[in-house]
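One file, structure23.tsv, is given below (TSV, C-alpha atoms).
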```tsv
chain	number	residue	atom	x	y	z
A	142	MET	CA	-10.66	-5.18	-6.15
A	143	VAL	CA	-12.91	-3.73	-3.53
A	144	SER	CA	-12.24	-4.34	0.12
A	145	HIS	CA	-15.14	-3.24	2.31
A	146	PRO	CA	-16.70	-5.30	5.11
A	147	ASN	CA	-20.10	-3.58	4.80
A	148	ILE	CA	-20.20	-3.05	1.10
A	149	GLU	CA	-24.00	-3.37	0.84
A	150	GLN	CA	-24.51	-0.54	3.31
A	151	SER	CA	-22.05	1.82	1.69
A	152	ALA	CA	-23.56	4.59	-0.44
A	153	THR	CA	-20.09	5.46	-1.68
A	154	GLU	CA	-19.38	1.96	-2.95
A	155	ALA	CA	-22.85	1.75	-4.53
A	156	PHE	CA	-22.09	4.98	-6.39
A	157	PHE	CA	-18.77	3.62	-7.61
A	158	LYS	CA	-20.18	0.23	-8.55
A	159	THR	CA	-22.92	1.78	-10.68
A	160	SER	CA	-20.29	3.99	-12.30
A	161	ALA	CA	-17.87	1.13	-12.92
A	162	ASP	CA	-20.62	-0.94	-14.58
A	163	PHE	CA	-20.66	1.72	-17.29
A	164	VAL	CA	-17.13	0.70	-18.32
A	165	ASP	CA	-17.35	-2.51	-20.34
A	166	GLU	CA	-13.72	-3.42	-19.89
A	167	SER	CA	-13.78	-3.23	-16.12
A	168	THR	CA	-14.54	-5.98	-13.61
A	169	TRP	CA	-15.80	-5.24	-10.12
A	170	TYR	CA	-14.39	-7.75	-7.66
A	171	SER	CA	-15.50	-7.75	-4.04
A	172	LEU	CA	-12.89	-9.37	-1.84
A	173	ASP	CA	-15.23	-9.62	1.14
A	174	HIS	CA	-17.72	-11.58	-0.97
A	175	LEU	CA	-14.90	-13.80	-2.12
A	176	TYR	CA	-13.84	-14.58	1.44
A	177	SER	CA	-17.41	-15.06	2.68
A	178	LYS	CA	-17.96	-18.04	0.37
A	179	ALA	CA	-15.20	-20.53	0.98
A	180	LYS	CA	-11.47	-20.84	1.23
A	181	ILE	CA	-9.93	-19.11	-1.74
A	182	ASP	CA	-7.85	-20.84	-4.36
A	183	PRO	CA	-4.59	-18.85	-4.76
A	184	ASP	CA	-3.73	-20.47	-8.11
A	185	ARG	CA	-7.07	-19.53	-9.55
A	186	GLU	CA	-6.74	-15.98	-8.22
A	187	GLN	CA	-3.26	-15.65	-9.69
A	188	ARG	CA	-4.54	-16.69	-13.12
A	189	PHE	CA	-7.54	-14.38	-12.81
A	190	ILE	CA	-5.57	-11.28	-11.86
A	191	GLN	CA	-3.19	-11.70	-14.77
A	192	ASN	CA	-6.06	-10.98	-17.17
A	193	PHE	CA	-5.99	-7.28	-16.27
A	194	ASP	CA	-3.74	-4.40	-17.34
A	195	ARG	CA	-4.74	-2.08	-14.53
A	196	ILE	CA	-5.41	-3.43	-11.05
A	197	ILE	CA	-7.12	-1.11	-8.63
A	198	PHE	CA	-7.35	-1.62	-4.89
A	199	GLN	CA	-10.41	0.21	-3.67
A	200	PHE	CA	-11.21	0.59	0.00
A	201	PRO	CA	-12.21	2.93	2.81
A	202	LEU	CA	-9.26	3.93	4.96
A	203	TYR	CA	-9.38	1.84	8.16
A	204	TRP	CA	-6.78	2.89	10.69
A	205	TYR	CA	-4.48	4.21	7.99
A	206	SER	CA	-4.60	1.04	5.93
A	207	SER	CA	-7.05	-1.13	4.01
A	208	PRO	CA	-9.68	-3.30	5.65
A	209	ALA	CA	-8.57	-6.85	6.47
A	210	SER	CA	-9.80	-8.58	3.29
A	211	LEU	CA	-7.30	-6.82	1.02
A	212	LYS	CA	-4.39	-7.61	3.32
A	213	GLN	CA	-5.59	-11.20	3.53
A	214	TYR	CA	-5.84	-11.40	-0.26
A	215	MET	CA	-2.36	-9.98	-0.72
A	216	ASP	CA	-0.95	-12.45	1.82
A	217	ASP	CA	-2.77	-15.41	0.25
A	218	VAL	CA	-2.36	-14.69	-3.45
A	219	PHE	CA	0.75	-12.57	-3.89
A	220	THR	CA	3.31	-15.23	-3.12
A	221	ARG	CA	7.00	-14.52	-3.41
A	222	LYS	CA	7.15	-16.78	-6.44
A	223	PHE	CA	4.26	-14.99	-8.16
A	224	ILE	CA	5.46	-11.46	-7.46
A	225	VAL	CA	9.26	-11.65	-7.32
A	226	ALA	CA	10.50	-14.82	-8.99
A	227	THR	CA	8.21	-14.88	-12.03
A	228	GLN	CA	7.33	-11.16	-11.90
A	229	SER	CA	3.83	-12.07	-12.97
A	230	LEU	CA	2.41	-8.56	-12.51
A	231	LYS	CA	5.33	-6.77	-14.13
A	232	ASN	CA	4.42	-3.57	-16.02
A	233	LYS	CA	0.78	-3.74	-15.00
A	234	GLU	CA	-0.60	-0.59	-13.43
A	235	LEU	CA	-1.57	-0.49	-9.77
A	236	GLY	CA	-4.10	2.13	-8.76
A	237	ILE	CA	-5.53	2.90	-5.33
A	238	VAL	CA	-9.01	4.32	-4.79
A	239	VAL	CA	-9.24	5.27	-1.15
A	240	THR	CA	-12.20	6.85	0.59
A	241	THR	CA	-12.08	8.74	3.86
A	242	GLY	CA	-14.55	10.61	6.00
A	243	ASP	CA	-11.92	13.18	6.92
A	244	ALA	CA	-11.12	16.13	4.68
A	245	LEU	CA	-8.13	15.62	2.43
A	246	THR	CA	-6.68	18.90	3.71
A	247	ASP	CA	-6.28	17.26	7.16
A	248	PHE	CA	-3.71	14.90	5.66
A	249	GLN	CA	-0.68	17.16	5.70
A	250	ALA	CA	1.91	18.57	8.03
A	251	GLY	CA	0.09	20.73	10.57
A	252	GLY	CA	-3.26	19.10	9.76
A	253	SER	CA	-5.16	16.95	12.27
A	254	GLU	CA	-4.12	13.72	10.52
A	255	ARG	CA	-0.57	15.01	10.12
A	256	TYR	CA	0.62	12.56	7.44
A	257	THR	CA	-0.05	12.79	3.71
A	258	MET	CA	-1.93	10.15	1.78
A	259	SER	CA	1.25	9.39	-0.13
A	260	GLU	CA	2.94	8.53	3.18
A	261	ILE	CA	0.01	6.51	4.50
A	262	LEU	CA	-0.29	4.49	1.29
A	263	ARG	CA	3.45	3.84	1.10
A	264	PRO	CA	3.14	0.06	1.78
A	265	PHE	CA	1.13	-0.28	-1.45
A	266	GLU	CA	3.70	1.76	-3.33
A	267	ALA	CA	6.45	-0.45	-1.92
A	268	PHE	CA	4.51	-3.49	-3.06
A	269	ALA	CA	4.12	-2.03	-6.57
A	270	ASN	CA	7.84	-1.36	-6.63
A	271	LYS	CA	8.66	-4.93	-5.65
A	272	ALA	CA	6.20	-6.28	-8.22
A	273	VAL	CA	7.70	-3.96	-10.90
A	274	MET	CA	4.26	-2.47	-11.44
A	275	VAL	CA	3.50	1.10	-12.46
A	276	TYR	CA	2.10	2.83	-9.38
A	277	LEU	CA	-0.61	5.32	-10.31
A	278	LYS	CA	-1.35	8.49	-8.42
A	279	PRO	CA	-3.83	7.40	-5.72
A	280	PHE	CA	-7.41	8.49	-6.27
A	281	VAL	CA	-8.55	9.92	-2.95
A	282	VAL	CA	-12.23	10.50	-2.27
A	283	ASP	CA	-12.81	12.52	0.85
A	284	GLN	CA	-16.11	13.25	2.55
A	285	PHE	CA	-18.27	11.72	-0.17
A	286	ASN	CA	-21.48	12.32	1.77
A	287	TYR	CA	-20.89	16.07	1.91
A	288	LYS	CA	-20.42	16.46	-1.82
A	289	GLU	CA	-22.86	18.48	-3.94
A	290	VAL	CA	-24.46	16.94	-7.04
A	291	THR	CA	-22.09	18.63	-9.49
A	292	ASP	CA	-19.10	17.54	-7.38
A	293	LYS	CA	-20.40	13.97	-7.60
A	294	GLN	CA	-20.80	14.30	-11.37
A	295	ARG	CA	-17.18	15.43	-11.68
A	296	LEU	CA	-16.05	12.71	-9.27
A	297	LEU	CA	-17.84	10.09	-11.33
A	298	VAL	CA	-16.07	11.06	-14.55
A	299	ALA	CA	-12.70	11.30	-12.82
A	300	TYR	CA	-13.30	7.82	-11.39
A	301	LEU	CA	-14.22	6.37	-14.79
A	302	GLN	CA	-11.05	7.88	-16.22
A	303	TYR	CA	-9.05	6.35	-13.39
A	304	LEU	CA	-10.53	2.97	-14.34
A	305	ASN	CA	-9.73	2.98	-18.01
A	306	ALA	CA	-8.36	6.19	-19.54
A	307	PRO	CA	-4.76	6.08	-20.74
A	308	MET	CA	-2.34	7.45	-18.14
A	309	PRO	CA	-1.16	10.07	-17.40
A	310	LEU	CA	-4.46	11.96	-17.31
A	311	SER	CA	-3.21	14.84	-19.43
A	312	LEU	CA	-5.61	17.17	-21.20
A	313	GLU	CA	-4.95	15.30	-24.44
A	314	ASN	CA	-5.63	11.86	-22.93
A	315	ARG	CA	-8.72	13.08	-21.15
A	316	GLU	CA	-9.99	14.66	-24.35
A	317	LYS	CA	-9.55	11.45	-26.32
A	318	TRP	CA	-11.21	9.42	-23.59
A	319	LEU	CA	-14.14	11.82	-23.28
A	320	LEU	CA	-14.75	11.96	-27.03
A	321	ALA	CA	-14.78	8.16	-27.15
A	322	GLN	CA	-17.45	8.16	-24.41
A	323	LEU	CA	-19.51	10.80	-26.20
A	324	LYS	CA	-19.32	8.82	-29.43
A	325	GLN	CA	-20.46	5.74	-27.54
A	326	SER	CA	-23.34	7.48	-25.79
A	327	LYS	CA	-24.38	9.12	-29.07
A	328	LEU	CA	-25.58	5.75	-30.32
A	329	ASP	CA	-28.66	5.67	-28.10
A	330	THR	CA	-29.75	9.29	-28.36
A	331	ALA	CA	-32.38	10.88	-30.64
A	332	PRO	CA	-31.32	11.78	-34.21
A	333	GLN	CA	-31.35	15.51	-33.51
A	334	GLN	CA	-29.10	15.10	-30.49
A	335	GLN	CA	-26.82	12.86	-32.52
A	336	GLN	CA	-26.34	15.68	-35.02
A	337	ILE	CA	-25.48	18.13	-32.27
A	338	LEU	CA	-23.12	15.64	-30.67
A	339	ASP	CA	-21.34	15.12	-33.99
A	340	LEU	CA	-20.75	18.86	-34.27
A	341	VAL	CA	-19.65	19.09	-30.64
A	342	ILE	CA	-17.22	16.18	-30.98
A	343	GLY	CA	-15.77	17.67	-34.17
A	344	ALA	CA	-15.32	21.10	-32.58
A	345	ILE	CA	-13.63	19.71	-29.45
A	346	ASP	CA	-11.29	17.67	-31.62
A	347	ASP	CA	-10.44	20.75	-33.74
A	348	GLN	CA	-9.65	22.71	-30.59
A	349	GLN	CA	-7.31	19.97	-29.44
A	350	ASP	CA	-5.52	20.13	-32.82
A	351	GLN	CA	-5.22	23.89	-32.37
A	352	ILE	CA	-3.70	23.38	-28.90
A	353	ASP	CA	-1.22	20.85	-30.29
A	354	ASP	CA	-0.19	23.31	-33.04
A	355	LEU	CA	0.24	26.15	-30.56
A	356	LYS	CA	2.31	23.93	-28.27
A	357	MET	CA	4.56	23.01	-31.15
A	358	ASN	CA	5.02	26.67	-32.14
A	359	ILE	CA	5.86	27.60	-28.56
A	360	LYS	CA	8.40	24.81	-28.39
A	361	LEU	CA	10.02	26.05	-31.62
A	362	ILE	CA	10.22	29.62	-30.33
A	363	ARG	CA	11.56	28.51	-26.91
A	364	ASP	CA	14.18	26.28	-28.50
A	365	GLN	CA	15.45	29.19	-30.61
A	366	GLU	CA	15.70	31.47	-27.60
A	367	GLU	CA	18.20	29.51	-25.56
B	170	MET	CA	-14.23	32.93	-24.37
B	171	THR	CA	-14.56	32.37	-28.10
B	172	ASP	CA	-17.89	32.05	-29.91
B	173	THR	CA	-17.17	28.39	-30.57
B	174	ASN	CA	-16.62	27.71	-26.89
B	175	GLU	CA	-19.75	29.55	-25.89
B	176	TRP	CA	-21.72	27.56	-28.43
B	177	LEU	CA	-20.18	24.28	-27.27
B	178	ILE	CA	-20.92	24.95	-23.62
B	179	LYS	CA	-24.49	25.94	-24.42
B	180	GLN	CA	-25.11	22.81	-26.48
B	181	LEU	CA	-23.52	20.53	-23.91
B	182	GLY	CA	-25.47	22.22	-21.11
B	183	GLN	CA	-28.69	21.60	-23.02
B	184	LEU	CA	-27.79	17.96	-23.60
B	185	GLU	CA	-27.01	17.63	-19.90
B	186	ASN	CA	-30.38	19.11	-18.90
B	187	GLU	CA	-32.34	16.88	-21.27
B	188	GLU	CA	-30.52	13.72	-20.21
B	189	GLN	CA	-31.99	11.41	-17.55
B	190	SER	CA	-29.00	9.17	-16.88
B	191	PHE	CA	-26.71	10.49	-14.16
B	192	ILE	CA	-23.65	9.03	-15.85
B	193	LYS	CA	-24.38	10.70	-19.18
B	194	LYS	CA	-25.25	13.96	-17.47
B	195	SER	CA	-21.83	13.73	-15.81
B	196	LEU	CA	-20.11	13.14	-19.15
B	197	TYR	CA	-21.77	16.22	-20.64
B	198	LEU	CA	-20.69	18.29	-17.63
B	199	ALA	CA	-17.13	16.94	-17.95
B	200	ALA	CA	-17.18	17.93	-21.63
B	201	GLN	CA	-18.14	21.49	-20.65
B	202	ASP	CA	-15.23	21.57	-18.19
B	203	LEU	CA	-12.92	20.25	-20.89
B	204	VAL	CA	-14.03	22.93	-23.36
B	205	ARG	CA	-13.33	25.63	-20.75
B	206	GLU	CA	-9.92	24.12	-20.10
B	207	GLN	CA	-9.16	23.99	-23.82
B	208	GLY	CA	-10.20	27.65	-24.16
B	209	LYS	CA	-7.86	28.63	-21.34
B	210	ARG	CA	-4.96	26.68	-22.84
B	211	ILE	CA	-5.47	28.26	-26.27
B	212	GLU	CA	-5.64	31.75	-24.80
B	213	GLN	CA	-2.54	31.21	-22.65
B	214	ALA	CA	-0.59	29.68	-25.54
B	215	GLN	CA	-1.46	32.56	-27.84
B	216	GLN	CA	-0.43	35.06	-25.19
B	217	GLU	CA	2.83	33.22	-24.65
B	218	ILE	CA	3.58	33.30	-28.37
B	219	ASP	CA	2.84	37.04	-28.50
B	220	GLY	CA	5.01	37.62	-25.45
B	221	ARG	CA	7.95	35.69	-26.82
B	222	ILE	CA	7.74	37.15	-30.33
B	223	TRP	CA	7.58	40.73	-28.99
B	224	SER	CA	10.36	40.27	-26.50
B	225	PRO	CA	12.37	43.54	-26.12
B	226	ASP	CA	15.56	41.49	-26.52
B	227	LYS	CA	14.72	41.09	-30.16
B	228	TRP	CA	14.04	44.76	-30.93
```

Starting from the file, give its structure as structure tokens.
Amino acid sequence: MVSHPNIEQSATEAFFKTSADFVDESTWYSLDHLYSKAKIDPDREQRFIQNFDRIIFQFPLYWYSSPASLKQYMDDVFTRKFIVATQSLKNKELGIVVTTGDALTDFQAGGSERYTMSEILRPFEAFANKAVMVYLKPFVVDQFNYKEVTDKQRLLVAYLQYLNAPMPLSLENREKWLLAQLKQSKLDTAPQQQQILDLVIGAIDDQQDQIDDLKMNIKLIRDQEE
Amino acid sequence: MTDTNEWLIKQLGQLENEEQSFIKKSLYLAAQDLVREQGKRIEQAQQEIDGRIWSPDKW
């Protein structure tokens, strides 16, 4: 659910929309478009939102909160009955993708913004708590326009994982997710590249097995020590 | 870095260079990062096992 009053002019949102389109199971939902058409139908929205396992609020930080459309949507759709009485979003995940022009390092004690992102985003965390949702670690994108190409490549993959990889984003979960993507993208590559990809996927998987074995051995040794 | 990891990174780097799509390029780069991370974990785990097995307490 993207809240951005000038979404068409935003290079950051264009980047994320193109990325999100790559994930079949994801739906990009612009709240500002929704509100520009007509009065919204809260019942319809409530039914719609229940179709998803992971709900992500995505927005640029406007005066330490979301732009108005997200707040309006929450006020209109998340009724007390829907959230508290029937617990209709219970156990769903709530993620936050927040973009800011300031450096993330400014958001800390002694920094120019003083408060951490965790503090600033607390109202969303409180909402997730009330809705008995699983609050995910916020995905903070700072100074997008200053990022180098390789930083953007890494950001893209981290964003895709935030959309649909199993949480938490441990090495094991990231490995499984990445191999699934490589298998998928293998389908439309040349036969020679497919062969290489098969070998690569196999080798990465073997390494993960090796890591799992080593972890188990370490656990056995540690358990015997104490 | 092991021979396998070097080979993996080389292959993935080549795939990344040959690829036109920015998203796929990014996936190949992420796979290289993952391979490096795996290599580090394996090395650290092996060192931890060596360290614990050869602990002076057990001499």

Q.
Please list, as an MDAnalysis selection string, the residues that have an atom at most 12 Å away from (-16.1, 26.5, -28.8) in the coordinates of this file, counting all atoms listed in the file.
A. (chainID A and resid 340:349 351) or (chainID B and resid 170:181 200:209 211)

Q: Please report as JSON, numbers by chain which residues of chain A come no farther than 9 Å from chain B, using only C-alpha atoms.
A: {"A": [159, 160, 163, 291, 293, 294, 295, 296, 297, 298, 299, 312, 315, 316, 319, 320, 322, 323, 326, 334, 337, 338, 340, 341, 344, 345, 348, 349, 351, 352, 355, 356, 358, 359, 362, 363, 366]}

Those same residues, written as an mmCIF file, in the frame of the given file with C-alpha atoms?
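The resulting file, part.cif, is reproduced below:
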```cif
data_model
loop_
_atom_site.group_PDB
_atom_site.id
_atom_site.type_symbol
_atom_site.label_atom_id
_atom_site.label_comp_id
_atom_site.auth_asym_id
_atom_site.auth_seq_id
_atom_site.Cartn_x
_atom_site.Cartn_y
_atom_site.Cartn_z
ATOM 1 C CA THR A 159 -22.920 1.780 -10.680
ATOM 2 C CA SER A 160 -20.290 3.990 -12.300
ATOM 3 C CA PHE A 163 -20.660 1.720 -17.290
ATOM 4 C CA THR A 291 -22.090 18.630 -9.490
ATOM 5 C CA LYS A 293 -20.400 13.970 -7.600
ATOM 6 C CA GLN A 294 -20.800 14.300 -11.370
ATOM 7 C CA ARG A 295 -17.180 15.430 -11.680
ATOM 8 C CA LEU A 296 -16.050 12.710 -9.270
ATOM 9 C CA LEU A 297 -17.840 10.090 -11.330
ATOM 10 C CA VAL A 298 -16.070 11.060 -14.550
ATOM 11 C CA ALA A 299 -12.700 11.300 -12.820
ATOM 12 C CA LEU A 312 -5.610 17.170 -21.200
ATOM 13 C CA ARG A 315 -8.720 13.080 -21.150
ATOM 14 C CA GLU A 316 -9.990 14.660 -24.350
ATOM 15 C CA LEU A 319 -14.140 11.820 -23.280
ATOM 16 C CA LEU A 320 -14.750 11.960 -27.030
ATOM 17 C CA GLN A 322 -17.450 8.160 -24.410
ATOM 18 C CA LEU A 323 -19.510 10.800 -26.200
ATOM 19 C CA SER A 326 -23.340 7.480 -25.790
ATOM 20 C CA GLN A 334 -29.100 15.100 -30.490
ATOM 21 C CA ILE A 337 -25.480 18.130 -32.270
ATOM 22 C CA LEU A 338 -23.120 15.640 -30.670
ATOM 23 C CA LEU A 340 -20.750 18.860 -34.270
ATOM 24 C CA VAL A 341 -19.650 19.090 -30.640
ATOM 25 C CA ALA A 344 -15.320 21.100 -32.580
ATOM 26 C CA ILE A 345 -13.630 19.710 -29.450
ATOM 27 C CA GLN A 348 -9.650 22.710 -30.590
ATOM 28 C CA GLN A 349 -7.310 19.970 -29.440
ATOM 29 C CA GLN A 351 -5.220 23.890 -32.370
ATOM 30 C CA ILE A 352 -3.700 23.380 -28.900
ATOM 31 C CA LEU A 355 0.240 26.150 -30.560
ATOM 32 C CA LYS A 356 2.310 23.930 -28.270
ATOM 33 C CA ASN A 358 5.020 26.670 -32.140
ATOM 34 C CA ILE A 359 5.860 27.600 -28.560
ATOM 35 C CA ILE A 362 10.220 29.620 -30.330
ATOM 36 C CA ARG A 363 11.560 28.510 -26.910
ATOM 37 C CA GLU A 366 15.700 31.470 -27.600
#
```

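Coordinates place CA of Ser207 (chain A) at a distance of 12.6 Å from CA of Met258 (chain A).
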
**Q.** Closest of A:Gln325, A:Arg263, A:Ile181, A:Gln336 to Asp216 (chain A) - atom-to-atom distances counting all atoms listed in the file
**A.** A:Ile181

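Taking CA of Asp329 (chain A) as the reference point, CA of Ser190 (chain B) is found at 11.8 Å.
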
Output region 151-175 of chain A as a compact mmCIF listing (two decimals), in the frame of the given file, making sure N, CA and C atoms are there.
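And here is the file that came out, result16.txt:
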```txt
# COMPACT_ATOMS: atom_id res chain seq x y z
N SER A 151 -22.83 0.63 2.02
CA SER A 151 -22.05 1.82 1.69
C SER A 151 -22.60 2.55 0.47
N ALA A 152 -23.05 3.78 0.68
CA ALA A 152 -23.56 4.59 -0.44
C ALA A 152 -22.43 4.92 -1.40
N THR A 153 -21.24 5.11 -0.84
CA THR A 153 -20.09 5.46 -1.68
C THR A 153 -19.77 4.31 -2.64
N GLU A 154 -19.71 3.10 -2.09
CA GLU A 154 -19.38 1.96 -2.95
C GLU A 154 -20.49 1.69 -3.96
N ALA A 155 -21.74 1.93 -3.58
CA ALA A 155 -22.85 1.75 -4.53
C ALA A 155 -22.69 2.73 -5.70
N PHE A 156 -22.32 3.95 -5.36
CA PHE A 156 -22.09 4.98 -6.39
C PHE A 156 -20.99 4.53 -7.34
N PHE A 157 -19.90 4.02 -6.77
CA PHE A 157 -18.77 3.62 -7.61
C PHE A 157 -19.09 2.35 -8.41
N LYS A 158 -19.86 1.46 -7.82
CA LYS A 158 -20.18 0.23 -8.55
C LYS A 158 -21.05 0.54 -9.77
N THR A 159 -22.06 1.39 -9.56
CA THR A 159 -22.92 1.78 -10.68
C THR A 159 -22.09 2.46 -11.75
N SER A 160 -21.15 3.29 -11.33
CA SER A 160 -20.29 3.99 -12.30
C SER A 160 -19.42 3.00 -13.06
N ALA A 161 -18.81 2.08 -12.30
CA ALA A 161 -17.87 1.13 -12.92
C ALA A 161 -18.58 0.22 -13.92
N ASP A 162 -19.87 -0.08 -13.65
CA ASP A 162 -20.62 -0.94 -14.58
C ASP A 162 -20.73 -0.32 -15.96
N PHE A 163 -20.58 0.99 -16.02
CA PHE A 163 -20.66 1.72 -17.29
C PHE A 163 -19.46 1.39 -18.18
N VAL A 164 -18.35 1.00 -17.56
CA VAL A 164 -17.13 0.70 -18.32
C VAL A 164 -17.11 -0.79 -18.65
N ASP A 165 -17.27 -1.09 -19.93
CA ASP A 165 -17.35 -2.51 -20.34
C ASP A 165 -16.11 -3.30 -19.97
N GLU A 166 -14.97 -2.67 -20.07
CA GLU A 166 -13.72 -3.42 -19.89
C GLU A 166 -13.35 -3.61 -18.43
N SER A 167 -14.18 -3.12 -17.52
CA SER A 167 -13.78 -3.23 -16.12
C SER A 167 -14.54 -4.36 -15.41
N THR A 168 -13.92 -4.92 -14.41
CA THR A 168 -14.54 -5.98 -13.61
C THR A 168 -14.51 -5.57 -12.16
N TRP A 169 -15.67 -5.60 -11.53
CA TRP A 169 -15.80 -5.24 -10.12
C TRP A 169 -15.64 -6.51 -9.29
N TYR A 170 -14.72 -6.52 -8.37
CA TYR A 170 -14.39 -7.75 -7.66
C TYR A 170 -14.39 -7.48 -6.17
N SER A 171 -15.39 -8.01 -5.48
CA SER A 171 -15.50 -7.75 -4.04
C SER A 171 -14.75 -8.82 -3.25
N LEU A 172 -13.72 -8.41 -2.58
CA LEU A 172 -12.89 -9.37 -1.84
C LEU A 172 -13.63 -9.94 -0.62
N ASP A 173 -14.50 -9.13 -0.02
CA ASP A 173 -15.23 -9.62 1.14
C ASP A 173 -16.25 -10.69 0.75
N HIS A 174 -16.84 -10.52 -0.45
CA HIS A 174 -17.72 -11.58 -0.97
C HIS A 174 -16.93 -12.85 -1.21
N LEU A 175 -15.77 -12.66 -1.80
CA LEU A 175 -14.90 -13.80 -2.12
C LEU A 175 -14.59 -14.61 -0.86
```
